[in-house]
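Coordinates as given in model19.csv (CSV, C-alpha atoms):
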chain,number,residue,atom,x,y,z
A,1397,MET,CA,9.3,10.8,15.8
A,1398,VAL,CA,7.9,10.4,19.3
A,1399,THR,CA,10.0,9.5,22.3
A,1400,GLN,CA,8.2,7.2,24.7
A,1401,HIS,CA,9.0,6.2,28.2
A,1402,LEU,CA,6.8,3.6,29.9
A,1403,GLY,CA,4.1,4.1,27.3
A,1404,TYR,CA,3.9,7.9,27.8
A,1405,VAL,CA,4.7,10.4,25.1
A,1406,MET,CA,7.5,12.5,26.3
A,1407,THR,CA,8.4,14.8,23.4
A,1408,GLU,CA,7.8,15.0,19.7
A,1409,THR,CA,10.8,15.5,17.5
A,1410,THR,CA,11.5,15.9,13.8
A,1411,LYS,CA,13.6,13.4,11.9
A,1412,LYS,CA,16.7,15.4,12.7
A,1413,GLY,CA,16.0,15.1,16.5
A,1414,LYS,CA,14.9,18.7,17.0
A,1415,PRO,CA,11.7,19.4,19.0
A,1416,LYS,CA,8.7,19.5,16.7
A,1417,GLN,CA,7.2,23.0,16.4
A,1418,LYS,CA,3.8,23.4,18.0
A,1419,THR,CA,1.0,23.8,15.5
A,1420,GLY,CA,-2.4,25.4,16.0
A,1421,PRO,CA,-5.5,25.6,13.8
A,1422,LYS,CA,-3.8,28.2,11.5
A,1423,GLY,CA,-0.5,26.2,11.2
A,1424,PRO,CA,2.8,26.4,13.0
A,1425,SER,CA,3.1,28.8,16.0
A,1426,LEU,CA,4.9,32.0,15.2
A,1427,GLU,CA,7.9,33.2,17.1
A,1428,LEU,CA,7.8,36.7,18.5
A,1429,THR,CA,10.7,38.3,16.8
A,1430,ASP,CA,12.3,41.5,18.1
A,1431,LYS,CA,10.7,43.4,15.3
A,1432,MET,CA,7.3,42.0,16.1
A,1433,PHE,CA,7.9,42.7,19.8
A,1434,THR,CA,8.5,46.4,19.0
A,1435,GLN,CA,5.4,46.4,16.8
A,1436,LEU,CA,3.4,44.9,19.7
A,1437,LEU,CA,4.8,47.5,22.1
A,1438,ASN,CA,3.8,50.3,19.8
A,1439,MET,CA,0.3,48.9,19.3
A,1440,VAL,CA,-0.2,48.7,23.1
A,1441,ARG,CA,1.0,52.3,23.5
A,1442,ILE,CA,-1.8,53.4,21.1
A,1443,GLN,CA,-4.4,51.4,23.1
A,1444,CYS,CA,-5.0,48.6,20.5
A,1445,THR,CA,-7.0,45.6,21.8
A,1446,GLN,CA,-5.6,42.1,22.2
A,1447,GLN,CA,-7.8,41.0,19.3
A,1448,GLU,CA,-6.5,43.7,17.0
A,1449,ILE,CA,-2.9,43.0,18.0
A,1450,CYS,CA,-3.3,39.2,17.4
A,1451,SER,CA,-4.9,39.9,14.0
A,1452,ILE,CA,-2.0,42.2,12.9
A,1453,LEU,CA,0.7,39.8,14.3
A,1454,GLY,CA,-1.1,36.8,12.8
A,1455,MET,CA,-1.2,34.7,16.0
A,1456,SER,CA,-3.7,33.5,18.5
A,1457,ASP,CA,-4.1,35.0,21.9
A,1458,THR,CA,-2.8,31.7,23.3
A,1459,THR,CA,0.4,32.0,21.2
A,1460,LEU,CA,0.8,35.6,22.1
A,1461,ASN,CA,0.5,34.8,25.9
A,1462,ARG,CA,3.1,32.0,25.5
A,1463,ARG,CA,5.5,34.3,23.6
A,1464,LEU,CA,5.2,37.0,26.3
A,1465,LYS,CA,5.9,34.4,29.0
A,1466,GLU,CA,9.1,33.6,27.1
A,1467,ARG,CA,10.0,37.3,27.6
A,1468,ASN,CA,9.3,37.2,31.3
A,1469,TYR,CA,5.8,38.6,31.3
A,1470,GLU,CA,3.0,36.8,33.0
A,1471,ASN,CA,0.6,37.2,30.1
A,1472,PHE,CA,-0.8,39.9,27.7
A,1473,GLU,CA,-2.7,41.6,30.6
A,1474,ASP,CA,0.5,42.0,32.5
A,1475,PHE,CA,2.3,43.3,29.4
A,1476,TYR,CA,-0.5,45.7,28.7
A,1477,LYS,CA,-0.6,47.1,32.2
A,1478,LYS,CA,3.1,47.7,32.2
A,1479,HIS,CA,3.2,49.5,28.8
A,1480,ASN,CA,-0.1,51.2,27.9
A,1481,ASP,CA,0.5,54.1,30.3
A,1482,GLU,CA,3.6,55.0,28.1
A,1483,GLY,CA,1.2,55.8,25.3
A,1484,ARG,CA,-1.1,57.9,27.5
A,1485,MET,CA,1.9,59.8,28.8
A,1486,SER,CA,3.1,60.4,25.2
A,1487,LEU,CA,-0.4,61.7,24.2
A,1488,ARG,CA,-0.5,63.9,27.2
A,1489,ARG,CA,2.9,65.3,26.3
A,1490,MET,CA,1.7,66.1,22.8
A,1491,GLN,CA,-1.4,67.7,24.0
A,1492,TRP,CA,0.5,69.9,26.4
A,1493,SER,CA,3.0,70.8,23.7
A,1494,ALA,CA,0.1,71.8,21.4
A,1495,ALA,CA,-1.4,74.0,24.1
A,1496,GLU,CA,2.0,75.6,24.8
A,1497,ASN,CA,2.3,76.3,21.0
A,1498,GLY,CA,-1.0,78.3,21.2
A,1499,ASN,CA,-3.6,75.7,20.1
A,1500,SER,CA,-6.6,77.4,21.6
A,1501,THR,CA,-8.8,74.3,21.4
A,1502,MET,CA,-6.2,72.3,23.4
A,1503,LEU,CA,-5.9,75.2,25.9
A,1504,VAL,CA,-9.6,75.2,26.5
A,1505,TRP,CA,-9.8,71.4,26.8
A,1506,LEU,CA,-6.9,71.2,29.2
A,1507,GLY,CA,-8.4,74.1,31.2
A,1508,LYS,CA,-11.6,72.1,31.6
A,1509,GLN,CA,-9.8,68.9,32.5
A,1510,TYR,CA,-7.3,70.2,35.0
A,1511,LEU,CA,-8.6,73.6,36.2
A,1512,ASN,CA,-12.3,72.8,36.4
A,1513,GLN,CA,-13.0,75.6,33.9
A,1514,LYS,CA,-16.4,75.6,32.2
A,1515,ASP,CA,-18.2,77.2,29.3
A,1516,LYS,CA,-20.2,80.1,30.7
A,1517,GLN,CA,-23.9,79.6,30.1
A,1518,GLU,CA,-26.3,82.5,30.7
A,1519,GLN,CA,-30.0,82.0,31.0
A,1520,THR,CA,-32.5,84.8,31.1
A,1521,ILE,CA,-36.2,84.5,31.6
A,1522,SER,CA,-38.5,87.2,30.3
A,1523,GLY,CA,-42.2,87.4,31.2
A,1524,GLU,CA,-43.3,87.5,27.6
A,1525,HIS,CA,-43.4,83.8,27.0
A,1526,VAL,CA,-44.3,82.5,30.5
A,1527,HIS,CA,-47.4,80.3,30.6
A,1528,ALA,CA,-49.2,79.1,33.8
A,1529,TYR,CA,-50.8,75.7,34.0
A,1530,LYS,CA,-53.3,74.5,36.6
A,1531,TRP,CA,-52.7,71.0,38.0
A,1532,ILE,CA,-55.9,69.1,38.2
A,1533,ASP,CA,-56.1,66.1,40.5
A,1534,ASP,CA,-58.6,63.3,39.9
A,1535,ASP,CA,-60.4,64.4,43.0
A,1536,ASP,CA,-61.0,67.9,41.7
A,1537,GLN,CA,-62.7,66.8,38.5
A,1538,ASP,CA,-66.5,67.2,38.1
A,1539,ASP,CA,-68.1,63.9,37.1
Encoded form using structure tokens:
Amino acid sequence: MVTQHLGYVMTETTKKGKPKQKTGPKGPSLELTDKMFTQLLNMVRIQCTQQEICSILGMSDTTLNRRLKERNYENFEDFYKKHNDEGRMSLRRMQWSAAENGNSTMLVWLGKQYLNQKDKQEQTISGEHVHAYKWIDDDDQDD
């Protein structure tokens, strides 16, 4: 049922008078349940893309943005900026813990990242394999 006022469509309602649920090309729009919101948060923390998240949640990016607005976020980008650093911080914590527990690979990597440590490279030149080349310009050639 459609409510009209002066010829304009105001709202669509079901036969029971409730607002009609919005539908998209894939069917009715999904609600973002608390369980799905937690799943969304965890996916952002492991740096999933919006496309991957929408695929897993089974909703379009438009629906996701609308559901995030309902939870007081401006849009997905706003949500992502606020929460993806939590995942980076968690990863850094695990890396640090691995290094503290003696993981030599992680100790080397963190040393390179934070202490500007580098792999030592030694180069030696011996005269045995040195070759000399003469540069010939076009002007020097005998025609």
Residues within 12 Å of (-2.6, 35.6, 16.6), counting only C-alpha atoms, listed as a PyMOL selection string: chain A and resi 1420-1428+1432+1436+1446-1463
Counting only C-alpha atoms, which of A:Ser1500, A:Trp1505, A:His1479, A:Glu1473 gets nearest to Thr1434 (chain A)? A:His1479
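Interatomic distance, CA of Val1504 (chain A) to CA of Trp1492 (chain A): 11.4 Å.
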Interatomic distance (Å, one decimal) between CA of Tyr1476 (chain A) and CA of Lys1508 (chain A):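 Interatomic distance, CA of Tyr1476 (chain A) to CA of Lys1508 (chain A): 28.8 Å.
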Measure the distance from CA of Leu1464 (chain A) to CA of Arg1488 (chain A) in Å and round it to one decimal.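 These two atoms are separated by 27.5 Å.
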